[in-house]
Amino acid sequence: MIEGDQRRAEMTVQKIVAEAIVGIDMTVAVATEIVAGDASQLLLESAVDADVLVVGSRGRGGFKGVLLGSVSQRVAQHAPCPLVIVPS
């Protein structure tokens, strides 16, 4: 990933996480990491030692009306830990 793109991605993720946790009693750690590659494979690798993996239900694919996006579908089939799929 190009350095400027990496920084913009980090800032976007920080903003989204900050907005998502406003008003929540943070008794769990939230970790973020920006990496380039196949999303489902990277999530599965990251989840090996995780207590839980949380993903969204819909991605950016063009199949409207599909119950799960391709990433959440693959992660659901192969998750090495408990999985929570959050609807869009």
# chains A, B, ... in the order shown; residues from 1 in each chain; ligands from 1
>>> select_by_dssp(residues="chain A", states="strand (DSSP E)", output="list in words")
Leu53, Val54, Val55, Gly56, Leu83, Val84, Ile85 and Val86 of chain A
>>> write_last_selection(atoms="C-alpha atoms", output="short mmCIF file (atom, residue, chain, number, x, y, z; two decimals), in the first residue's frame")
data_model
loop_
_atom_site.label_atom_id
_atom_site.label_comp_id
_atom_site.auth_asym_id
_atom_site.auth_seq_id
_atom_site.Cartn_x
_atom_site.Cartn_y
_atom_site.Cartn_z
CA LEU A 53 -14.24 -12.06 15.33
CA VAL A 54 -16.76 -9.41 14.27
CA VAL A 55 -17.49 -8.71 10.60
CA GLY A 56 -20.20 -6.93 8.64
CA LEU A 83 -17.97 -15.17 14.99
CA VAL A 84 -20.43 -12.28 15.10
CA ILE A 85 -21.83 -11.06 11.77
CA VAL A 86 -23.35 -7.60 12.10
#
>>> select_by_dssp(residues="chain A", states="helix (DSSP H, G or I)", output="PyMOL selection string")
chain A and resi 3-20+39-46+70-78
>>> residues_around(residues="segment 34-51 of chain A", least_positions_apart="4", cutoff="10 Å", atoms="only C-alpha atoms", output="list of chain:residue names")
A:Met1, A:Gln6, A:Arg7, A:Ala9, A:Glu10, A:Val13, A:Val55, A:Ser70, A:Val71, A:Ser72, A:Gln73, A:Arg74, A:Val75, A:Ala76, A:His78, A:Ala79, A:Pro80, A:Cys81, A:Pro82, A:Leu83
>>> write_last_selection(atoms="all heavy atoms", output="CSV table (one decimal), in the first residue's frame")
chain,number,residue,atom,x,y,z
A,1,MET,N,0.9,-1.2,0.0
A,1,MET,CA,0.0,0.0,0.0
A,1,MET,C,0.9,1.2,0.0
A,1,MET,O,1.9,1.3,0.7
A,1,MET,CB,-0.9,0.0,1.2
A,1,MET,CG,-2.0,1.0,1.2
A,1,MET,SD,-3.1,1.0,2.6
A,1,MET,CE,-4.0,-0.5,2.3
A,6,GLN,N,-2.0,4.5,2.9
A,6,GLN,CA,-2.0,3.9,4.2
A,6,GLN,C,-2.4,4.9,5.3
A,6,GLN,O,-3.2,4.5,6.1
A,6,GLN,CB,-0.5,3.4,4.5
A,6,GLN,CG,-0.3,2.8,5.9
A,6,GLN,CD,-0.7,1.4,6.0
A,6,GLN,OE1,-0.9,0.7,5.0
A,6,GLN,NE2,-0.9,0.9,7.2
A,7,ARG,N,-1.9,6.1,5.2
A,7,ARG,CA,-2.2,7.1,6.3
A,7,ARG,C,-3.7,7.4,6.2
A,7,ARG,O,-4.4,7.6,7.2
A,7,ARG,CB,-1.4,8.3,6.1
A,7,ARG,CG,-1.6,9.4,7.1
A,7,ARG,CD,-1.1,8.8,8.5
A,7,ARG,NE,-1.6,9.7,9.5
A,7,ARG,CZ,-2.2,9.4,10.6
A,7,ARG,NH1,-2.3,8.1,10.9
A,7,ARG,NH2,-2.6,10.3,11.5
A,9,ALA,N,-6.2,5.6,5.0
A,9,ALA,CA,-6.9,4.4,5.5
A,9,ALA,C,-6.9,4.4,7.1
A,9,ALA,O,-7.9,4.1,7.7
A,9,ALA,CB,-6.3,3.1,5.0
A,10,GLU,N,-5.7,4.6,7.7
A,10,GLU,CA,-5.6,4.6,9.1
A,10,GLU,C,-6.5,5.7,9.7
A,10,GLU,O,-7.2,5.5,10.7
A,10,GLU,CB,-4.2,4.9,9.6
A,10,GLU,CG,-3.3,3.7,9.3
A,10,GLU,CD,-1.8,4.0,9.5
A,10,GLU,OE1,-1.4,5.2,9.8
A,10,GLU,OE2,-1.0,3.0,9.3
A,13,VAL,N,-10.2,4.6,9.5
A,13,VAL,CA,-10.5,3.6,10.4
A,13,VAL,C,-10.6,4.2,11.8
A,13,VAL,O,-11.6,3.9,12.6
A,13,VAL,CB,-9.5,2.4,10.4
A,13,VAL,CG1,-9.7,1.5,11.6
A,13,VAL,CG2,-9.7,1.7,9.1
A,55,VAL,N,-17.5,-9.2,12.0
A,55,VAL,CA,-17.5,-8.7,10.6
A,55,VAL,C,-18.9,-8.2,10.2
A,55,VAL,O,-19.9,-8.5,10.9
A,55,VAL,CB,-17.1,-9.8,9.6
A,55,VAL,CG1,-15.7,-10.3,9.9
A,55,VAL,CG2,-18.0,-11.0,9.6
A,70,SER,N,-19.2,-11.9,0.2
A,70,SER,CA,-18.3,-13.0,-0.1
A,70,SER,C,-17.3,-13.1,1.1
A,70,SER,O,-16.9,-14.2,1.5
A,70,SER,CB,-17.6,-12.8,-1.4
A,70,SER,OG,-16.8,-11.5,-1.4
A,71,VAL,N,-16.8,-12.0,1.7
A,71,VAL,CA,-15.9,-12.1,2.8
A,71,VAL,C,-16.5,-12.7,4.0
A,71,VAL,O,-16.0,-13.6,4.6
A,71,VAL,CB,-15.3,-10.7,3.1
A,71,VAL,CG1,-14.4,-10.7,4.4
A,71,VAL,CG2,-14.4,-10.2,1.9
A,72,SER,N,-17.7,-12.2,4.4
A,72,SER,CA,-18.4,-12.7,5.6
A,72,SER,C,-18.8,-14.2,5.4
A,72,SER,O,-18.7,-15.0,6.3
A,72,SER,CB,-19.6,-11.9,6.0
A,72,SER,OG,-20.5,-11.7,5.0
A,73,GLN,N,-19.1,-14.5,4.2
A,73,GLN,CA,-19.5,-15.9,3.9
A,73,GLN,C,-18.3,-16.9,4.1
A,73,GLN,O,-18.4,-17.9,4.7
A,73,GLN,CB,-20.0,-16.0,2.4
A,73,GLN,CG,-20.3,-17.5,2.0
A,73,GLN,CD,-21.6,-18.0,2.7
A,73,GLN,OE1,-22.5,-17.2,2.9
A,73,GLN,NE2,-21.6,-19.2,3.1
A,74,ARG,N,-17.1,-16.5,3.5
A,74,ARG,CA,-15.9,-17.3,3.7
A,74,ARG,C,-15.5,-17.4,5.1
A,74,ARG,O,-15.1,-18.4,5.6
A,74,ARG,CB,-14.8,-16.8,2.8
A,74,ARG,CG,-13.6,-17.6,2.9
A,74,ARG,CD,-12.6,-17.4,1.8
A,74,ARG,NE,-11.4,-18.2,2.0
A,74,ARG,CZ,-10.2,-17.8,1.9
A,74,ARG,NH1,-9.9,-16.5,1.6
A,74,ARG,NH2,-9.2,-18.6,2.1
A,75,VAL,N,-15.5,-16.2,5.8
A,75,VAL,CA,-15.1,-16.2,7.2
A,75,VAL,C,-16.1,-17.1,8.1
A,75,VAL,O,-15.6,-17.8,8.9
A,75,VAL,CB,-15.0,-14.8,7.7
A,75,VAL,CG1,-14.8,-14.7,9.2
A,75,VAL,CG2,-13.9,-14.0,7.0
A,76,ALA,N,-17.3,-17.0,7.8
A,76,ALA,CA,-18.3,-17.8,8.5
A,76,ALA,C,-18.0,-19.3,8.3
A,76,ALA,O,-18.2,-20.1,9.3
A,76,ALA,CB,-19.7,-17.5,8.0
A,78,HIS,N,-15.1,-20.7,7.8
A,78,HIS,CA,-13.7,-21.1,8.3
A,78,HIS,C,-13.2,-20.5,9.5
A,78,HIS,O,-12.1,-20.7,9.9
A,78,HIS,CB,-12.7,-20.9,7.1
A,78,HIS,CG,-13.1,-21.5,5.8
A,78,HIS,ND1,-12.9,-22.9,5.6
A,78,HIS,CD2,-13.6,-21.1,4.7
A,78,HIS,CE1,-13.3,-23.2,4.4
A,78,HIS,NE2,-13.7,-22.1,3.8
A,79,ALA,N,-14.1,-19.8,10.2
A,79,ALA,CA,-13.6,-19.0,11.4
A,79,ALA,C,-13.0,-19.9,12.5
A,79,ALA,O,-13.7,-20.9,12.8
A,79,ALA,CB,-14.8,-18.2,12.0
A,80,PRO,N,-11.9,-19.6,13.0
A,80,PRO,CA,-11.2,-20.4,14.0
A,80,PRO,C,-11.7,-20.0,15.5
A,80,PRO,O,-11.2,-20.6,16.4
A,80,PRO,CB,-9.7,-20.1,13.8
A,80,PRO,CG,-9.7,-18.7,13.4
A,80,PRO,CD,-11.0,-18.6,12.5
A,81,CYS,N,-12.6,-19.1,15.6
A,81,CYS,CA,-13.1,-18.7,16.9
A,81,CYS,C,-14.6,-18.3,16.7
A,81,CYS,O,-15.1,-18.3,15.6
A,81,CYS,CB,-12.3,-17.4,17.3
A,81,CYS,SG,-12.5,-16.0,16.3
A,82,PRO,N,-15.3,-18.0,17.8
A,82,PRO,CA,-16.6,-17.5,17.7
A,82,PRO,C,-16.7,-16.3,16.7
A,82,PRO,O,-15.8,-15.4,16.7
A,82,PRO,CB,-17.0,-17.1,19.1
A,82,PRO,CG,-16.1,-18.0,20.0
A,82,PRO,CD,-14.8,-18.0,19.2
A,83,LEU,N,-17.8,-16.2,16.0
A,83,LEU,CA,-18.0,-15.2,15.0
A,83,LEU,C,-19.3,-14.4,15.2
A,83,LEU,O,-20.3,-15.1,15.4
A,83,LEU,CB,-18.0,-15.8,13.6
A,83,LEU,CG,-18.3,-14.9,12.4
A,83,LEU,CD1,-17.2,-13.9,12.2
A,83,LEU,CD2,-18.5,-15.8,11.2
>>> atom_distance(atom1="atom CA of Leu67 of chain A", atom2="atom CA of Pro87 of chain A")
9.2 Å
>>> atom_distance(atom1="atom CA of Thr32 of chain A", atom2="atom CA of Ile2 of chain A")
18.4 Å
>>> atom_distance(atom1="atom CA of Lys15 of chain A", atom2="atom CA of Ala29 of chain A")
16.4 Å
